[in-house]
Structures are given as C-alpha cells and as structure tokens.
file work04.txt (compact mmCIF, C-alpha atoms)
# COMPACT_ATOMS: atom_id res chain seq x y z
CA MET A 448 38.78 -64.28 -28.25
CA ARG A 449 41.07 -65.30 -25.40
CA LEU A 450 39.57 -66.54 -22.19
CA VAL A 451 40.32 -64.61 -19.02
CA HIS A 452 41.14 -66.81 -16.06
CA GLY A 453 40.21 -65.85 -12.54
CA PRO A 454 42.14 -66.80 -9.41
CA ALA A 455 42.93 -70.51 -9.30
CA GLU A 456 41.87 -72.61 -6.37
CA PRO A 457 44.82 -74.19 -4.48
CA SER A 458 43.70 -77.67 -5.55
CA GLU A 459 44.01 -76.65 -9.24
CA LEU A 460 47.64 -75.59 -8.95
CA PRO A 461 50.54 -77.94 -9.68
CA PRO A 462 52.43 -79.13 -6.59
CA HIS A 463 55.60 -77.30 -5.65
CA HIS A 464 57.83 -80.35 -6.18
CA GLN A 465 56.55 -80.76 -9.75
CA LEU A 466 57.42 -77.15 -10.56
CA VAL A 467 60.90 -77.64 -9.10
CA VAL A 468 61.49 -80.67 -11.36
CA GLU A 469 60.24 -78.84 -14.44
CA LEU A 470 62.24 -75.69 -13.65
CA ARG A 471 65.40 -77.77 -13.32
CA ALA A 472 64.76 -79.32 -16.72
CA LEU A 473 63.98 -75.94 -18.25
CA ARG A 474 67.15 -74.43 -16.78
CA LYS A 475 69.21 -77.03 -18.62
CA VAL A 476 67.80 -76.22 -22.05
CA GLY A 477 67.10 -72.51 -21.49
CA LEU A 478 64.00 -70.55 -22.35
CA SER A 479 65.03 -70.29 -25.98
CA ARG A 480 64.35 -74.04 -26.25
CA VAL A 481 61.29 -74.22 -24.03
CA ARG A 482 59.32 -76.06 -26.72
CA GLN A 483 61.74 -79.00 -26.62
CA ILE A 484 60.59 -80.35 -23.24
CA SER A 485 57.33 -81.18 -21.53
CA HIS A 486 56.29 -78.82 -18.75
CA PRO A 487 52.63 -79.49 -17.81
CA GLY A 488 52.99 -77.96 -14.34
CA LEU A 489 54.42 -74.67 -15.63
CA ALA A 490 51.82 -74.61 -18.39
CA ALA A 491 49.05 -75.14 -15.82
CA ALA A 492 50.46 -72.37 -13.64
CA ALA A 493 50.65 -69.99 -16.60
CA SER A 494 47.12 -70.89 -17.59
CA ALA A 495 45.88 -70.31 -14.03
CA ALA A 496 47.55 -66.89 -14.16
CA GLY A 497 45.61 -66.07 -17.32
CA LEU A 498 48.55 -66.29 -19.71
CA PRO A 499 48.54 -67.82 -23.21
CA THR A 500 49.48 -71.50 -23.26
CA GLY A 501 47.55 -72.75 -26.29
CA PRO A 502 49.05 -74.69 -29.23
CA GLU A 503 50.12 -71.48 -30.99
CA GLU A 504 51.74 -69.92 -27.91
CA PRO A 505 53.06 -72.77 -25.72
CA ALA A 506 56.20 -70.89 -24.70
CA ALA A 507 55.03 -67.29 -24.50
CA GLY A 508 52.95 -67.76 -21.36
CA ILE A 509 55.67 -69.66 -19.53
CA GLU A 510 58.31 -67.06 -20.37
CA ARG A 511 56.05 -64.22 -19.19
CA LEU A 512 55.28 -66.14 -16.00
CA LEU A 513 58.98 -66.69 -15.25
CA ARG A 514 59.81 -63.05 -15.93
CA ALA A 515 57.04 -62.04 -13.55
CA ALA A 516 58.29 -64.52 -10.93
CA VAL A 517 61.79 -63.04 -11.15
CA HIS A 518 60.21 -59.60 -10.72
CA TRP A 519 58.52 -60.75 -7.49
CA LEU A 520 61.76 -62.31 -6.22
CA ASP A 521 63.41 -58.93 -6.69
CA GLY A 522 61.29 -57.56 -3.85
CA SER A 523 59.46 -54.79 -5.70
CA VAL A 524 55.75 -54.16 -5.99
CA PRO A 525 54.62 -53.37 -9.54
CA PRO A 526 51.62 -51.09 -10.11
CA PRO A 527 48.18 -52.77 -10.20
CA GLY A 528 47.54 -54.53 -13.46
CA SER A 529 51.20 -54.91 -14.43
CA HIS A 530 52.55 -57.74 -12.26
CA LEU A 531 52.69 -60.02 -15.29
CA ALA A 532 54.23 -57.53 -17.67
CA PRO A 533 56.16 -59.36 -20.42
CA ASP A 534 59.40 -57.43 -19.98
CA PRO A 535 61.54 -56.87 -16.86
CA PRO A 536 62.61 -53.38 -15.76
CA ALA A 537 65.23 -51.88 -18.07
CA ALA A 538 67.89 -51.96 -15.36
CA GLY A 539 67.31 -55.66 -14.73
CA PRO A 540 66.79 -57.36 -11.35
CA VAL A 541 68.77 -56.14 -8.36
CA GLY A 542 68.40 -58.81 -5.65
CA GLU A 543 70.77 -61.75 -5.73
CA LEU A 544 68.04 -64.41 -5.92
CA ALA A 545 66.33 -62.60 -8.78
CA ARG A 546 69.58 -61.92 -10.64
CA ALA A 547 70.71 -65.54 -10.29
CA ALA A 548 67.31 -66.78 -11.50
CA ALA A 549 67.41 -64.43 -14.49
CA HIS A 550 70.87 -65.67 -15.49
CA SER A 551 69.97 -69.33 -14.87
CA PHE A 552 67.07 -69.26 -17.31
CA GLY A 553 68.54 -66.94 -19.93
CA LEU A 554 66.29 -63.99 -19.08
CA VAL A 555 69.28 -61.64 -19.19
CA GLY A 556 72.32 -61.69 -21.44
CA ALA A 557 72.43 -63.82 -24.56
CA ALA A 558 69.43 -66.11 -24.71
CA SER A 559 71.47 -68.64 -26.67
CA GLN A 560 73.99 -69.23 -23.86
CA ILE A 561 74.51 -72.89 -23.02
CA ALA A 562 73.57 -74.19 -19.57
CA GLY A 563 77.13 -74.07 -18.27
CA GLU A 564 77.57 -70.42 -19.24
CA ARG A 565 74.26 -69.46 -17.63
CA ARG A 566 75.15 -71.34 -14.44
CA LYS A 567 78.56 -69.62 -14.32
CA ALA A 568 76.91 -66.20 -14.61
CA ALA A 569 74.43 -67.11 -11.85
CA ALA A 570 77.22 -68.36 -9.58
CA ALA A 571 79.05 -65.06 -10.04
CA VAL A 572 76.07 -63.28 -8.48
CA PHE A 573 76.86 -65.03 -5.19
CA GLY A 574 80.63 -64.89 -5.66
CA VAL A 575 80.99 -68.69 -5.49
CA THR A 576 82.30 -71.37 -7.81
CA THR A 577 79.99 -72.97 -10.33
CA GLU A 578 80.15 -76.29 -8.50
CA SER A 579 79.37 -74.72 -5.14
CA PHE A 580 76.45 -72.84 -6.68
CA ARG A 581 75.09 -76.04 -8.23
CA HIS A 582 75.01 -77.81 -4.88
CA ARG A 583 73.70 -74.96 -2.75
CA GLN A 584 72.39 -71.65 -4.07
CA GLU A 585 70.92 -73.05 -7.29
CA ARG A 586 68.56 -75.26 -5.31
CA GLN A 587 67.42 -72.25 -3.31
CA VAL A 588 66.95 -70.14 -6.43
CA ILE A 589 64.80 -72.76 -8.15
CA ASP A 590 62.81 -73.48 -4.99
CA ARG A 591 61.99 -69.80 -4.48
CA LEU A 592 61.18 -69.33 -8.15
CA ALA A 593 58.67 -72.18 -7.82
CA ASP A 594 57.18 -70.37 -4.80
CA ALA A 595 56.78 -67.20 -6.83
CA VAL A 596 55.21 -69.10 -9.74
CA LEU A 597 52.65 -70.65 -7.37
CA GLY A 598 51.89 -67.30 -5.81
CA LEU A 599 51.31 -65.62 -9.16
CA ALA A 600 49.24 -68.54 -10.45
CA GLY A 601 47.15 -68.58 -7.29
CA ALA A 602 46.34 -64.88 -7.60
CA GLY A 603 45.30 -65.06 -11.26
CA ALA A 604 46.34 -62.43 -13.78
CA PRO A 605 44.66 -59.16 -14.67
CA GLN A 606 44.04 -58.80 -18.38
CA GLU A 607 43.83 -55.64 -20.45
CA GLY A 608 40.62 -53.83 -19.62
CA ASN A 609 40.00 -55.92 -16.49
CA PRO A 610 40.90 -54.85 -12.94
CA LEU A 611 42.79 -56.99 -10.46
CA PRO A 612 40.45 -59.62 -9.00
CA GLN A 613 39.05 -58.50 -5.66
CA ALA A 614 40.64 -60.98 -3.25
CA THR A 615 39.67 -59.36 0.04
CA PRO A 616 36.75 -57.44 1.51
CA PRO A 617 37.07 -53.62 1.33
CA ASP A 618 38.22 -53.32 4.95
CA VAL A 619 41.22 -55.65 4.39
CA PRO A 620 44.29 -54.12 2.65
CA HIS A 621 45.01 -55.57 -0.78
CA ALA A 622 47.90 -58.02 -1.04
CA VAL A 623 50.17 -55.56 -2.84
CA ALA A 624 50.00 -53.21 0.13
CA ARG A 625 51.22 -55.91 2.46
CA MET A 626 54.18 -57.62 0.84
CA THR A 627 56.72 -57.49 -1.92
CA GLY A 628 56.78 -61.20 -2.73
CA PRO A 629 54.22 -63.47 -4.38
CA PRO A 630 50.57 -62.52 -3.81
CA VAL A 631 48.70 -64.02 -0.89
CA HIS A 632 45.56 -66.05 -0.37
CA TYR A 633 43.32 -64.71 2.36
CA ASP A 634 40.86 -66.88 4.24
CA THR A 635 37.97 -64.78 3.01
CA ALA A 636 36.33 -64.27 -0.37
CA PRO A 637 34.19 -61.35 -1.56
CA GLY A 638 30.98 -61.33 0.43
CA ALA A 639 31.91 -64.34 2.53
CA VAL A 640 31.86 -64.48 6.32
CA PRO A 641 35.31 -65.65 7.50
CA ALA A 642 35.65 -68.47 9.99
CA HIS A 643 37.50 -66.00 12.20
CA PRO A 644 37.75 -62.32 11.22
CA ASP A 645 41.23 -61.91 12.69
CA ILE A 646 42.97 -64.80 10.89
CA GLN A 647 44.42 -64.25 7.42
CA VAL A 648 46.05 -67.03 5.39
CA HIS A 649 48.97 -66.51 3.02
CA LEU A 650 50.46 -68.71 0.31
CA SER A 651 53.98 -67.34 0.44
CA PRO A 652 57.46 -67.72 1.93
CA ILE A 653 57.27 -66.16 5.39
CA GLU A 654 60.26 -63.89 4.84
CA LEU A 655 58.50 -62.13 1.95
CA LEU A 656 55.59 -60.92 4.07
CA ARG A 657 55.51 -57.24 4.95
CA ASP A 658 54.13 -55.05 7.76
CA ILE A 659 53.45 -57.84 10.24
CA ASP A 660 54.73 -56.95 13.70
CA VAL A 661 55.83 -60.38 14.91
CA LEU A 662 57.03 -63.38 12.90
CA VAL A 663 57.30 -66.80 14.55
CA SER A 664 60.19 -69.11 13.61
CA SER A 665 60.27 -72.85 14.22
CA GLU A 666 63.45 -74.05 15.97
CA ASN A 667 64.78 -77.18 17.62
CA THR A 668 64.91 -77.53 21.39
CA TYR A 669 68.55 -76.38 21.45
CA LEU A 670 67.31 -73.09 19.92
CA GLU A 671 69.82 -73.54 17.11
CA MET A 672 68.61 -71.93 13.93
CA SER A 673 68.91 -73.73 10.60
CA LYS A 674 72.02 -73.05 8.55
CA ILE A 675 71.69 -69.74 6.75
CA PHE A 676 71.49 -71.46 3.34
CA ARG A 677 68.87 -74.05 4.34
CA ASN A 678 65.42 -74.02 2.75
CA THR A 679 63.49 -73.95 6.03
CA VAL A 680 61.47 -71.29 7.84
CA SER A 681 64.32 -70.85 10.32
CA GLY A 682 66.99 -70.68 7.61
CA ALA A 683 64.95 -68.27 5.48
CA LEU A 684 64.32 -65.86 8.36
CA ARG A 685 67.95 -66.05 9.46
CA ARG A 686 69.06 -65.27 5.89
CA ALA A 687 66.60 -62.40 5.46
CA ALA A 688 67.55 -60.85 8.82
CA ALA A 689 71.31 -60.92 8.24
CA ALA A 690 73.28 -57.71 7.80
CA ARG A 691 75.48 -57.61 4.69
CA ASP A 692 78.28 -55.42 3.36
CA GLU A 693 78.56 -53.86 -0.09
CA THR A 694 79.69 -57.21 -1.54
CA ASN A 695 76.60 -58.93 -0.08
CA ALA A 696 78.72 -60.90 2.40
CA VAL A 697 77.09 -61.51 5.79
CA ILE A 698 78.70 -59.31 8.45
CA ASP A 699 76.19 -59.93 11.25
CA ASP A 700 73.85 -62.82 11.99
CA PRO A 701 71.57 -61.11 14.54
CA LEU A 702 68.86 -63.72 15.10
CA ALA A 703 71.28 -66.57 15.79
CA ARG A 704 73.54 -64.26 17.82
CA GLU A 705 70.69 -63.03 20.04
CA LEU A 706 69.52 -66.62 20.60
CA ARG A 707 73.03 -67.64 21.69
CA ASP A 708 73.16 -64.66 24.04
CA TRP A 709 69.79 -65.62 25.55
CA MET A 710 70.94 -69.20 26.09
CA ALA A 711 74.14 -67.99 27.77
CA ARG A 712 72.28 -65.57 30.07
CA HIS A 713 69.94 -68.35 31.17
CA GLY A 714 72.68 -70.94 31.67
CA ARG A 715 71.40 -73.14 28.82
CA SER A 716 74.34 -73.01 26.40
CA GLY A 717 74.62 -76.44 24.78
CA LEU A 718 71.53 -77.67 26.64
CA GLN A 719 67.94 -78.19 25.56
CA VAL A 720 65.01 -76.03 26.56
CA PRO A 721 61.56 -77.54 27.20
CA PRO A 722 59.52 -78.12 24.03
CA GLY A 723 57.15 -75.22 23.50
CA THR A 724 59.58 -72.62 24.84
CA VAL A 725 59.43 -69.30 22.95
CA VAL A 726 62.30 -66.77 22.96
CA PRO A 727 62.09 -63.27 21.42
CA THR A 728 64.76 -61.52 19.37
CA GLY A 729 64.93 -58.38 17.31
CA PRO A 730 64.13 -58.49 13.58
CA GLY A 731 67.55 -57.64 12.13
CA ALA A 732 67.27 -56.63 8.49
CA LEU A 733 63.64 -57.80 8.46
CA ALA A 734 62.86 -54.42 10.02
CA ARG A 735 62.96 -53.05 6.46
CA ARG A 736 59.81 -55.08 5.78
CA GLY A 737 58.04 -53.68 8.82
CA VAL A 738 58.81 -56.65 11.12
CA ARG A 739 59.46 -55.58 14.71
CA ARG A 740 60.07 -58.85 16.58
CA VAL A 741 60.87 -62.50 15.82
CA LEU A 742 59.71 -65.20 18.23
CA HIS A 743 61.62 -68.48 18.17
CA ALA A 744 59.49 -71.49 19.13
CA ALA A 745 61.27 -74.69 20.22
CA VAL A 746 59.09 -77.38 18.64
CA ALA A 747 61.50 -79.89 17.04
CA VAL A 748 62.97 -82.45 19.45
CA PRO A 749 66.08 -84.27 18.15
CA ARG A 750 65.63 -88.04 18.01
CA ARG A 751 67.90 -90.09 20.24
CA THR A 752 69.17 -91.90 17.16
CA GLY A 753 70.48 -88.58 15.86
CA ASN A 754 68.40 -88.99 12.69
CA GLY A 755 65.98 -86.09 12.30
CA TYR A 756 63.47 -84.57 14.68
CA GLU A 757 60.07 -85.30 16.11
CA ALA A 758 57.23 -83.03 17.18
CA CYS A 759 53.83 -83.58 18.73
CA GLU A 760 50.48 -81.80 18.76
CA SER A 761 50.78 -80.70 22.39
CA THR A 762 54.06 -78.92 21.62
CA VAL A 763 52.40 -76.98 18.80
CA VAL A 764 49.64 -75.86 21.18
CA GLU A 765 52.14 -74.94 23.90
CA ALA A 766 54.30 -72.98 21.44
CA VAL A 767 51.31 -71.03 20.12
CA SER A 768 50.19 -70.21 23.67
CA ALA A 769 53.71 -69.16 24.66
CA ALA A 770 54.06 -66.99 21.54
CA PHE A 771 50.86 -65.11 22.40
CA ARG A 772 52.05 -64.75 25.99
CA VAL A 773 55.49 -63.42 25.04
CA ALA A 774 54.03 -61.07 22.43
CA ALA A 775 51.47 -59.76 24.92
CA GLY A 776 54.26 -59.09 27.41
CA GLU A 777 56.06 -56.97 24.83
CA ARG A 778 53.01 -55.39 23.21
CA ASP A 779 52.99 -52.06 25.01
CA ALA A 780 56.76 -51.65 25.01
CA HIS A 781 56.48 -50.63 21.35
CA GLU A 782 54.95 -47.58 19.77
CA PRO A 783 52.53 -48.21 18.28
CA PRO A 784 51.80 -51.35 20.30
CA LEU A 785 52.36 -54.73 18.66
CA SER A 786 49.14 -55.96 17.09
CA SER A 787 49.86 -58.73 14.55
CA LEU A 788 51.55 -62.14 14.63
CA CYS A 789 52.45 -64.58 11.87
CA PHE A 790 52.79 -68.35 12.35
CA PRO A 791 54.23 -70.89 9.91
CA VAL A 792 52.94 -74.46 10.14
CA LEU A 793 54.80 -75.42 13.31
CA GLY A 794 55.89 -79.02 13.71
CA ALA A 795 55.60 -79.98 10.04
CA GLY A 796 59.32 -80.11 9.31
CA ARG A 797 61.51 -83.12 8.63
CA GLY A 798 60.45 -86.04 10.81
CA GLY A 799 57.70 -84.05 12.54
CA LEU A 800 53.93 -84.10 12.23
CA GLN A 801 52.09 -84.73 9.00
CA PRO A 802 51.62 -81.27 7.43
CA GLU A 803 47.81 -81.44 7.33
CA ARG A 804 47.64 -82.48 10.98
CA ALA A 805 50.12 -79.80 12.03
CA ALA A 806 48.12 -77.15 10.13
CA ARG A 807 44.85 -78.26 11.74
CA TRP A 808 46.31 -78.12 15.25
CA LEU A 809 47.89 -74.74 14.54
CA ARG A 810 44.58 -73.28 13.38
CA TRP A 811 42.77 -74.67 16.44
CA ALA A 812 45.42 -73.38 18.86
CA VAL A 813 45.34 -69.89 17.32
CA GLU A 814 41.55 -69.73 17.53
CA GLU A 815 41.71 -70.70 21.20
CA GLU A 816 44.21 -67.93 21.94
CA LEU A 817 42.18 -65.35 20.05
CA ARG A 818 39.13 -66.20 22.12
CA ALA A 819 41.13 -65.32 25.22
CA ASP A 820 42.82 -62.23 23.70
CA PRO A 821 41.02 -60.95 20.58
CA ARG A 822 43.19 -57.85 20.20
CA TRP A 823 45.57 -59.60 17.80
CA THR A 824 45.43 -60.05 14.04
CA VAL A 825 46.98 -63.41 13.16
CA HIS A 826 48.52 -64.46 9.87
CA LEU A 827 49.06 -68.12 8.98
CA VAL A 828 51.56 -68.78 6.21
CA THR A 829 52.53 -71.80 4.11
CA ARG A 830 54.22 -72.50 0.79
CA THR A 831 52.04 -75.60 0.25
CA PRO A 832 48.78 -74.89 -1.63
CA ALA A 833 47.11 -78.03 -0.29
CA LEU A 834 47.31 -76.67 3.27
CA ILE A 835 45.40 -73.48 2.47
CA PRO A 836 41.90 -74.98 3.07
CA VAL A 837 43.04 -76.45 6.39
CA LEU A 838 44.52 -73.17 7.57
CA ARG A 839 41.38 -71.37 6.47
CA GLY A 840 39.38 -73.65 8.73
CA ALA A 841 37.46 -75.01 5.75
CA GLU A 842 38.52 -78.57 6.60
CA GLN A 843 37.89 -79.89 10.06
CA GLY A 844 38.54 -83.22 11.73

call {"tool": "encode", "arguments": {"input": "work04.txt", "output": "structure tokens"}}
result
Amino acid sequence: MRLVHGPAEPSELPPHHQLVVELRALRKVGLSRVRQISHPGLAAAASAAGLPTGPEEPAAGIERLLRAAVHWLDGSVPPPGSHLAPDPPAAGPVGELARAAAHSFGLVGAASQIAGERRKAAAAVFGVTTESFRHRQERQVIDRLADAVLGLAGAGAPQEGNPLPQATPPDVPHAVARMTGPPVHYDTAPGAVPAHPDIQVHLSPIELLRDIDVLVSSENTYLEMSKIFRNTVSGALRRAAAARDETNAVIDDPLARELRDWMARHGRSGLQVPPGTVVPTGPGALARRGVRRVLHAAVAVPRRTGNGYEACESTVVEAVSAAFRVAAGERDAHEPPLSSLCFPVLGAGRGGLQPERAARWLRWAVEEELRADPRWTVHLVTRTPALIPVLRGAEQG
C-alpha cells in the first residue's frame, strides 16, 4: 500500500535555491540518467506532492513532478485530480518557458540527447544562440521551474480515488479557478478563523496569478522597471505585460512606456520621485489574466556608491498606503469597480530589508489600510515558502 501525502507545510519544502542547484545538475545529465545524481530536494518535493520516491521508484516521481511543473508553466489549468498526470498533452507545451524547459530536461524529443543538443533545442525556442541562452533565458527557465515544483509540492497531490485536498473554506474560490500557474497557499485552513478575512496568501510568481484587479510592482525611485529578462517582480510583470508578434518578439513594452510617459508629463524624466510614490499604468498583456491595473511603487533607493539599493520600513508603509489611495481613486472608474489588490513583499530585493522583516511590515501595513477601508480583498504573494507564515500573520514580532 502506498501512502497518500497531504499538503506539505512550507517549512517541510526544500528551499528554492536548493531546487535550482539540483535542476541545473539534472539538466546536464538529462532525465534518462536521473538515478546517476543525488537530488534530495527534488525527491522531497515529489514526496510532498504524493508521488513515488521509494527505493524501487526513485526516478518516476521526479519525472512526473517535472512534467507536471512544465504543464503549469504552460499556463493551462488541468481538470481536478489530473494536475500531476504522468504524460504531457499530446501536442506538447506551447509557451516558450514550458517548451524550453521540456527540451532542457529531455521531456520532448529523444530522451537520449546529450546536454548540448537539449540546450540547443531550448535556445531555438527563444531564437537565440546557445551561449546567449545559457547566460540568460536558461537561468529564468530553471528558476521558474523550481517555482512550479514548489507550488505543486506545497499543494500536495490527489491520488486515485481521493479528491483534491480542500485548501480553502467553501466561500473562497479554489486555487484552480484563480490562476494558471502553480497552486497557491491561502492564509486559512478548513474550519480555521483567518487572522483577517480579506487577506489571502499565495506561494507563486506574481505574474501567474489570475483575476486580481490590481497588481503592485516594486520599482526604484527613478521608476525604472527591471530589465525585461531579469528575475524580479518588476522584470516578471514587464515581461508578462509585453505585446509580442507571431515570432514572439516584443513589439510593445507598455508598462515601461507608460511609466516614462508619466515621468515626462510630471517633469521628472531622469529624476527621482519620493520613496513611497505609487504610479498607475494599464495591464498590457496581463489583461488576459484578468488584471486591470498595475501600480508601480517606488521603494528601492539607489545607494550613493552606485552598488545596489536600500529600503526602509517606513517606505513600505508609505507605499502600501499610497497604493490603497491610488486604487481607491480609480475604483469607480471601472465596471465592475476595482475590488482586489495584490502586493509582493516590498523592500525585500537586493540590498533592501531582510525578507522576514519586509513581510512582517507589509502584513501590518495592509491590515492597517483594511481597517480604514475594508471594501478591498488583498492578496500577498511570495515565491519563498519560509515567508508564508509571516504573511499569514502567524508569526508576530
């Protein structure tokens, strides 16, 4: 008899950086040789998802988990009970991240391909050279695949004859109705009384969330978004919002363009804005996921040395307050009115606040704003499992 695993607690999951290291090693040998290397983090994630990882099946669970992760990256929602199906759709993945991941790990084509051949096939997805892919897109592909693995592991896996675990009370839509990426963690459990009924917590990349009216992006005080290929909240939203032609080349960069236009109209081109400033833009291609506005919060102040950024707790509070204020000003201009906002962990980027401290201040600031204006539903999102209890309000101090 095989044990059925329920949803894993965030503390039981392997850290993201460990999965990245193991995925890089696995990419080199390919899934056909998965037994040749040690992969305790991937094995733990597969086990948490309810997949076989015992002595007789050490590779089967990991392969199924990676196939499922590629499926999530492809932006489709499988029917309940099948999100860890062993085989991908017959047509194969469509999205570029998913296709590149499938080629990188030998999930499509000849499983016996050597690493160089698989990398070349993955690079062709983006239309770049193998060397360029290795330095840029491959890092993004592996990072996002690790995100998907964590999301699937955190949700647990339904087994034959068992329904999906009930992760939310009946009056809260199930995760699969909300997003097309990795499943989410809510701040409530069956029968529990949430710390605040209008705050939901997600373990996911922010750009994979669906049907949230307003997403908040973290920017520097020049309101310059991250480069479109960067693995940051700003870079991910910019990438997801971009318009592309039939070859997948970017033909419009609406978020960055609208920010530049705002700076020009207000005479701030090339100048800083006060920390905590929030500027709204349209959603660009994120509209396909139900997003209606993006708010850009200036929280990262460049250091005078030119090396990195710094942020402080008061800026996080000011940015949260400003985001609520800007969203409230636009609420009734939309039909139906705006009603939900999503915040990443502001101020926790390179050189900023310690992530746990930033998460605690974010949670506190959101609760303060909801006391003043309880009409909003707020979503807090992170890709770091260890921050989930803090964002839930389960850890104080």

call {"tool": "atom_distance", "arguments": {"input": "work04.txt", "atom1": "CA of Gln647 (chain A)", "atom2": "CA of Leu827 (chain A)"}}
result
6.2 Å

call {"tool": "closest_residue", "arguments": {"input": "work04.txt", "among": "A:Arg839, A:Arg565, A:Arg830, A:Arg778", "to": "Leu597 (chain A)", "atoms": "only C-alpha atoms"}}
result
A:Arg830

call {"tool": "residues_around", "arguments": {"input": "work04.txt", "residues": "Arg691 (chain A)", "least_positions_apart": "6", "cutoff": "10 Å", "atoms": "all atoms listed in the file", "output": "PDB file with C-alpha atoms, in the coordinates of the input"}}
result
ATOM      1  CA  VAL A 697      77.090 -61.510   5.790  1.00  0.00           C
ATOM      2  CA  ILE A 698      78.700 -59.310   8.450  1.00  0.00           C
ATOM      3  CA  ASP A 699      76.190 -59.930  11.250  1.00  0.00           C
ATOM      4  CA  ASP A 700      73.850 -62.820  11.990  1.00  0.00           C
ATOM      5  CA  ALA A 732      67.270 -56.630   8.490  1.00  0.00           C
TER       6      ALA A 732
END

call {"tool": "atom_distance", "arguments": {"input": "work04.txt", "atom1": "CA of Ser681 (chain A)", "atom2": "CA of Ala595 (chain A)"}}
result
19.1 Å

call {"tool": "atom_distance", "arguments": {"input": "work04.txt", "atom1": "CA of Ala496 (chain A)", "atom2": "CA of Leu520 (chain A)"}}
result
16.9 Å

call {"tool": "closest_residue", "arguments": {"input": "work04.txt", "among": "A:Arg581, A:Arg797, A:Arg471, A:Arg704", "to": "Thr679 (chain A)", "atoms": "only C-alpha atoms"}}
result
A:Arg797
